[in-house]
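Undergrad: Sharing a structure, written as C-alpha cells. Questions coming.
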Amino acid sequence: GKPTTSAEATGKFKLVLATPGTKKIAVIKLVMEITGLDLADAKELVDSTPFEIKGNHAKADAEKWQKKLNDAGASAEIEAAKADAEKEK
C-alpha cells in the first residue's frame with residue numbers, strides 16, 4: 001500500500017475558510033453553528049479570511065462542514081492537521 005501521511009496517521013483535519021463568497025450571512029450562520037461563537041465573533045472571523053474554523057476534525061466531519069460552507073457559496077478547504085511527531089526541527 002501507499003505510505004500514510006501524518007494526517008492519515010492522526011486522522012485529524014482542520015477546516016479552513018478561504019473566502020466567504022457572496023452569501024456572507026449564510027456563511028456566518030454556519031461558522032456560528034460549527035464553532036459555537038456568537039454573531040459578532042463569527043462575523044469577525046468571516047471578515048478576516050482565510051482562517052481556520054476548527055481543527056482536529058475527523059475527515060468525515062470536516063468534509064460535511066466543507067460541503068455545507070461550499071454550498072453556501074464560500075470557499076472552504078480541508079487541510080491535514082500536523083502531527084506532534086513533526087516537531088523535530
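Chain labels follow the order of the C-alpha cells: the first chain is A, the next B, and so on; residue numbering restarts at 1 in every chain, and ligands are counted from 1 in their shown order.
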At a cut-off of 6 Å, using only C-alpha atoms, what residues contact range 13-27 of chain A? Leave out same-chain residues fewer than 6 positions from it and give the result as a list in words.
TA: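 Within the cut-off, the hits are Thr49, Pro50, Phe51, Glu52, Ile53, Lys54, Gly55, Asn56, His57, Lys59, Ala62, Gly73, Ala74, Ser75, Ala76, Glu77, Ile78, Glu79, Ala80 and Ala81 of chain A.
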Undergrad: Any chance you can output those residues with N, CA and C atoms as a PDB file, in the first residue's frame?
TA:
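Here's the written file out.pdb:
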ATOM      1  N   THR A  49     -10.910  36.377   6.588  1.00  0.00           N
ATOM      2  CA  THR A  49     -10.464  35.170   5.885  1.00  0.00           C
ATOM      3  C   THR A  49      -9.111  35.410   5.238  1.00  0.00           C
ATOM      4  N   PRO A  50      -8.305  34.385   5.003  1.00  0.00           N
ATOM      5  CA  PRO A  50      -8.567  32.985   5.375  1.00  0.00           C
ATOM      6  C   PRO A  50      -8.270  32.734   6.854  1.00  0.00           C
ATOM      7  N   PHE A  51      -9.037  31.813   7.452  1.00  0.00           N
ATOM      8  CA  PHE A  51      -8.787  31.439   8.845  1.00  0.00           C
ATOM      9  C   PHE A  51      -9.218  29.995   9.058  1.00  0.00           C
ATOM     10  N   GLU A  52      -8.651  29.387  10.078  1.00  0.00           N
ATOM     11  CA  GLU A  52      -9.006  28.020  10.448  1.00  0.00           C
ATOM     12  C   GLU A  52     -10.261  28.079  11.303  1.00  0.00           C
ATOM     13  N   ILE A  53     -11.341  27.466  10.807  1.00  0.00           N
ATOM     14  CA  ILE A  53     -12.587  27.462  11.567  1.00  0.00           C
ATOM     15  C   ILE A  53     -12.451  26.535  12.760  1.00  0.00           C
ATOM     16  N   LYS A  54     -11.962  25.340  12.471  1.00  0.00           N
ATOM     17  CA  LYS A  54     -11.878  24.363  13.542  1.00  0.00           C
ATOM     18  C   LYS A  54     -10.828  23.335  13.179  1.00  0.00           C
ATOM     19  N   GLY A  55     -10.056  22.919  14.155  1.00  0.00           N
ATOM     20  CA  GLY A  55      -9.036  21.905  13.931  1.00  0.00           C
ATOM     21  C   GLY A  55      -9.430  20.587  14.580  1.00  0.00           C
ATOM     22  N   ASN A  56      -8.642  19.570  14.325  1.00  0.00           N
ATOM     23  CA  ASN A  56      -8.832  18.253  14.931  1.00  0.00           C
ATOM     24  C   ASN A  56     -10.200  17.631  14.672  1.00  0.00           C
ATOM     25  N   HIS A  57     -10.625  17.712  13.429  1.00  0.00           N
ATOM     26  CA  HIS A  57     -11.842  17.028  13.000  1.00  0.00           C
ATOM     27  C   HIS A  57     -11.491  15.658  12.462  1.00  0.00           C
ATOM     28  N   LYS A  59     -12.020  13.230   9.374  1.00  0.00           N
ATOM     29  CA  LYS A  59     -12.140  13.646   7.975  1.00  0.00           C
ATOM     30  C   LYS A  59     -13.601  13.759   7.540  1.00  0.00           C
ATOM     31  N   ALA A  62     -15.091  17.015   8.832  1.00  0.00           N
ATOM     32  CA  ALA A  62     -14.538  18.158   8.097  1.00  0.00           C
ATOM     33  C   ALA A  62     -15.156  18.256   6.708  1.00  0.00           C
ATOM     34  N   GLY A  73     -21.835  29.034  -0.775  1.00  0.00           N
ATOM     35  CA  GLY A  73     -21.146  29.996  -1.627  1.00  0.00           C
ATOM     36  C   GLY A  73     -19.746  30.358  -1.156  1.00  0.00           C
ATOM     37  N   ALA A  74     -19.329  29.794  -0.026  1.00  0.00           N
ATOM     38  CA  ALA A  74     -17.991  30.074   0.492  1.00  0.00           C
ATOM     39  C   ALA A  74     -16.976  29.159  -0.187  1.00  0.00           C
ATOM     40  N   SER A  75     -15.715  29.450   0.034  1.00  0.00           N
ATOM     41  CA  SER A  75     -14.653  28.563  -0.408  1.00  0.00           C
ATOM     42  C   SER A  75     -13.974  28.018   0.841  1.00  0.00           C
ATOM     43  N   ALA A  76     -14.244  26.735   1.138  1.00  0.00           N
ATOM     44  CA  ALA A  76     -13.673  26.104   2.331  1.00  0.00           C
ATOM     45  C   ALA A  76     -12.761  24.973   1.908  1.00  0.00           C
ATOM     46  N   GLU A  77     -11.699  24.776   2.677  1.00  0.00           N
ATOM     47  CA  GLU A  77     -10.729  23.733   2.365  1.00  0.00           C
ATOM     48  C   GLU A  77     -10.468  22.897   3.603  1.00  0.00           C
ATOM     49  N   ILE A  78     -10.080  21.654   3.351  1.00  0.00           N
ATOM     50  CA  ILE A  78      -9.684  20.778   4.447  1.00  0.00           C
ATOM     51  C   ILE A  78      -8.183  20.595   4.351  1.00  0.00           C
ATOM     52  N   GLU A  79      -7.505  20.806   5.462  1.00  0.00           N
ATOM     53  CA  GLU A  79      -6.061  20.605   5.490  1.00  0.00           C
ATOM     54  C   GLU A  79      -5.737  19.599   6.580  1.00  0.00           C
ATOM     55  N   ALA A  80      -4.679  18.856   6.355  1.00  0.00           N
ATOM     56  CA  ALA A  80      -4.245  17.887   7.352  1.00  0.00           C
ATOM     57  C   ALA A  80      -3.698  18.613   8.567  1.00  0.00           C
ATOM     58  N   ALA A  81      -4.133  18.190   9.732  1.00  0.00           N
ATOM     59  CA  ALA A  81      -3.581  18.751  10.965  1.00  0.00           C
ATOM     60  C   ALA A  81      -2.205  18.120  11.175  1.00  0.00           C
TER      61      ALA A  81
END
Undergrad: Within 8 Å of Lys29 in chain A, counting only C-alpha atoms, which residues qualify if same-chain residues fewer than 4 places away don't, as a VMD selection string?
TA: chain A and resid 25 33 39 42
Undergrad: Keeping only C-alpha atoms, write the selected residues to a file as a PDB file, in the first residue's frame.
TA:
ATOM      1  CA  ILE A  25     -24.893  35.872   6.154  1.00  0.00           C
ATOM      2  CA  GLU A  33     -23.038  26.524  14.136  1.00  0.00           C
ATOM      3  CA  LEU A  39     -22.790  36.508  15.918  1.00  0.00           C
ATOM      4  CA  ALA A  42     -18.375  34.699  13.903  1.00  0.00           C
TER       5      ALA A  42
END
Undergrad: Which of chain A counts as strand (DSSP E) under DSSP, as a ChimeraX atom specification please?
TA: /A:13-19,51-57,75-80
Undergrad: Generate the output file for the selected residues, all heavy atoms, as a compact mmCIF listing (two decimals), in the first residue's frame.
TA:
# COMPACT_ATOMS: atom_id res chain seq x y z
N PHE A 13 -8.03 16.54 10.86
CA PHE A 13 -8.02 17.51 9.77
C PHE A 13 -8.55 18.83 10.28
O PHE A 13 -9.34 18.86 11.22
CB PHE A 13 -8.88 17.00 8.60
CG PHE A 13 -8.32 15.76 7.98
CD1 PHE A 13 -8.56 14.52 8.53
CD2 PHE A 13 -7.51 15.83 6.85
CE1 PHE A 13 -8.01 13.37 7.98
CE2 PHE A 13 -6.97 14.69 6.29
CZ PHE A 13 -7.22 13.46 6.85
N LYS A 14 -8.11 19.91 9.65
CA LYS A 14 -8.65 21.22 10.03
C LYS A 14 -9.45 21.80 8.88
O LYS A 14 -9.14 21.54 7.72
CB LYS A 14 -7.55 22.16 10.51
CG LYS A 14 -6.50 22.49 9.48
CD LYS A 14 -5.42 23.36 10.11
CE LYS A 14 -4.35 23.71 9.10
NZ LYS A 14 -3.30 24.54 9.65
N LEU A 15 -10.46 22.55 9.23
CA LEU A 15 -11.35 23.17 8.26
C LEU A 15 -10.96 24.63 8.14
O LEU A 15 -10.90 25.34 9.15
CB LEU A 15 -12.79 23.03 8.75
CG LEU A 15 -13.91 23.50 7.86
CD1 LEU A 15 -13.93 22.72 6.54
CD2 LEU A 15 -15.24 23.33 8.56
N VAL A 16 -10.64 25.06 6.92
CA VAL A 16 -10.17 26.42 6.69
C VAL A 16 -11.14 27.14 5.75
O VAL A 16 -11.47 26.62 4.68
CB VAL A 16 -8.75 26.41 6.07
CG1 VAL A 16 -8.30 27.83 5.76
CG2 VAL A 16 -7.77 25.73 7.01
N LEU A 17 -11.60 28.31 6.15
CA LEU A 17 -12.44 29.14 5.28
C LEU A 17 -11.53 30.07 4.50
O LEU A 17 -10.88 30.93 5.07
CB LEU A 17 -13.44 29.95 6.11
CG LEU A 17 -14.42 30.78 5.28
CD1 LEU A 17 -15.36 29.88 4.48
CD2 LEU A 17 -15.23 31.70 6.16
N ALA A 18 -11.44 29.84 3.18
CA ALA A 18 -10.57 30.66 2.34
C ALA A 18 -11.23 32.01 2.02
O ALA A 18 -10.65 33.06 2.22
CB ALA A 18 -10.23 29.91 1.06
N THR A 19 -12.47 31.96 1.53
CA THR A 19 -13.24 33.18 1.25
C THR A 19 -14.71 32.94 1.59
O THR A 19 -15.20 31.82 1.41
CB THR A 19 -13.15 33.60 -0.23
OG1 THR A 19 -13.68 32.54 -1.04
CG2 THR A 19 -11.73 33.89 -0.66
N PHE A 51 -9.04 31.81 7.45
CA PHE A 51 -8.79 31.44 8.85
C PHE A 51 -9.22 29.99 9.06
O PHE A 51 -10.02 29.45 8.31
CB PHE A 51 -9.52 32.36 9.82
CG PHE A 51 -11.02 32.16 9.81
CD1 PHE A 51 -11.61 31.28 10.69
CD2 PHE A 51 -11.82 32.86 8.94
CE1 PHE A 51 -12.98 31.08 10.67
CE2 PHE A 51 -13.20 32.68 8.91
CZ PHE A 51 -13.78 31.78 9.79
N GLU A 52 -8.65 29.39 10.08
CA GLU A 52 -9.01 28.02 10.45
C GLU A 52 -10.26 28.08 11.30
O GLU A 52 -10.27 28.68 12.37
CB GLU A 52 -7.85 27.39 11.23
CG GLU A 52 -8.14 25.98 11.66
CD GLU A 52 -6.99 25.37 12.46
OE1 GLU A 52 -5.83 25.72 12.20
OE2 GLU A 52 -7.28 24.56 13.34
N ILE A 53 -11.34 27.47 10.81
CA ILE A 53 -12.59 27.46 11.57
C ILE A 53 -12.45 26.54 12.76
O ILE A 53 -12.77 26.87 13.87
CB ILE A 53 -13.78 27.00 10.69
CG1 ILE A 53 -13.96 27.95 9.52
CG2 ILE A 53 -15.04 26.92 11.52
CD1 ILE A 53 -15.02 27.51 8.55
N LYS A 54 -11.96 25.34 12.47
CA LYS A 54 -11.88 24.36 13.54
C LYS A 54 -10.83 23.34 13.18
O LYS A 54 -10.74 22.91 12.04
CB LYS A 54 -13.24 23.70 13.72
CG LYS A 54 -13.45 23.11 15.09
CD LYS A 54 -14.91 22.86 15.33
CE LYS A 54 -15.12 22.59 16.81
NZ LYS A 54 -16.50 22.37 17.15
N GLY A 55 -10.06 22.92 14.15
CA GLY A 55 -9.04 21.90 13.93
C GLY A 55 -9.43 20.59 14.58
O GLY A 55 -10.43 20.51 15.29
N ASN A 56 -8.64 19.57 14.33
CA ASN A 56 -8.83 18.25 14.93
C ASN A 56 -10.20 17.63 14.67
O ASN A 56 -10.85 17.13 15.58
CB ASN A 56 -8.55 18.30 16.44
CG ASN A 56 -7.08 18.49 16.70
OD1 ASN A 56 -6.23 18.16 15.87
ND2 ASN A 56 -6.75 19.02 17.85
N HIS A 57 -10.63 17.71 13.43
CA HIS A 57 -11.84 17.03 13.00
C HIS A 57 -11.49 15.66 12.46
O HIS A 57 -10.43 15.47 11.89
CB HIS A 57 -12.48 17.77 11.80
CG HIS A 57 -13.37 18.89 12.17
ND1 HIS A 57 -14.52 18.72 12.87
CD2 HIS A 57 -13.28 20.21 11.92
CE1 HIS A 57 -15.11 19.90 13.03
NE2 HIS A 57 -14.37 20.81 12.47
N SER A 75 -15.72 29.45 0.03
CA SER A 75 -14.65 28.56 -0.41
C SER A 75 -13.97 28.02 0.84
O SER A 75 -13.27 28.75 1.54
CB SER A 75 -13.65 29.32 -1.27
OG SER A 75 -12.57 28.47 -1.60
N ALA A 76 -14.24 26.74 1.14
CA ALA A 76 -13.67 26.10 2.33
C ALA A 76 -12.76 24.97 1.91
O ALA A 76 -13.01 24.30 0.91
CB ALA A 76 -14.79 25.58 3.23
N GLU A 77 -11.70 24.78 2.68
CA GLU A 77 -10.73 23.73 2.37
C GLU A 77 -10.47 22.90 3.60
O GLU A 77 -10.61 23.37 4.72
CB GLU A 77 -9.41 24.38 1.90
CG GLU A 77 -9.57 25.19 0.63
CD GLU A 77 -8.43 26.19 0.44
OE1 GLU A 77 -7.50 26.21 1.27
OE2 GLU A 77 -8.49 26.93 -0.54
N ILE A 78 -10.08 21.65 3.35
CA ILE A 78 -9.68 20.78 4.45
C ILE A 78 -8.18 20.59 4.35
O ILE A 78 -7.66 20.30 3.28
CB ILE A 78 -10.38 19.41 4.34
CG1 ILE A 78 -11.89 19.57 4.46
CG2 ILE A 78 -9.85 18.47 5.42
CD1 ILE A 78 -12.66 18.30 4.20
N GLU A 79 -7.51 20.81 5.46
CA GLU A 79 -6.06 20.60 5.49
C GLU A 79 -5.74 19.60 6.58
O GLU A 79 -6.42 19.52 7.60
CB GLU A 79 -5.34 21.92 5.78
CG GLU A 79 -5.50 22.95 4.69
CD GLU A 79 -4.84 24.28 5.04
OE1 GLU A 79 -4.14 24.35 6.07
OE2 GLU A 79 -5.04 25.23 4.29
N ALA A 80 -4.68 18.86 6.36
CA ALA A 80 -4.24 17.89 7.35
C ALA A 80 -3.70 18.61 8.57
O ALA A 80 -2.93 19.55 8.44
CB ALA A 80 -3.18 16.98 6.75
Undergrad: As JSON, numbers by chain, which residues of range 17-81 of chain A does DSSP assign to helix (DSSP H, G or I)?
TA: {"A": [24, 25, 26, 27, 28, 29, 30, 31, 32, 33, 34, 35, 39, 40, 41, 42, 43, 44, 45, 46, 47, 59, 60, 61, 62, 63, 64, 65, 66, 67, 68, 69, 70, 71]}
Undergrad: Between CA of Ile28 in chain A and CA of Val46 in chain A, what is the distance in Å, rounded to a tenth?
TA: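 It comes out at 6.4 Å.
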Undergrad: Distance CA of Ala58 in chain A-CA of Lys12 in chain A, one decimal place?
TA: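 These atoms are spaced 5.3 Å apart.
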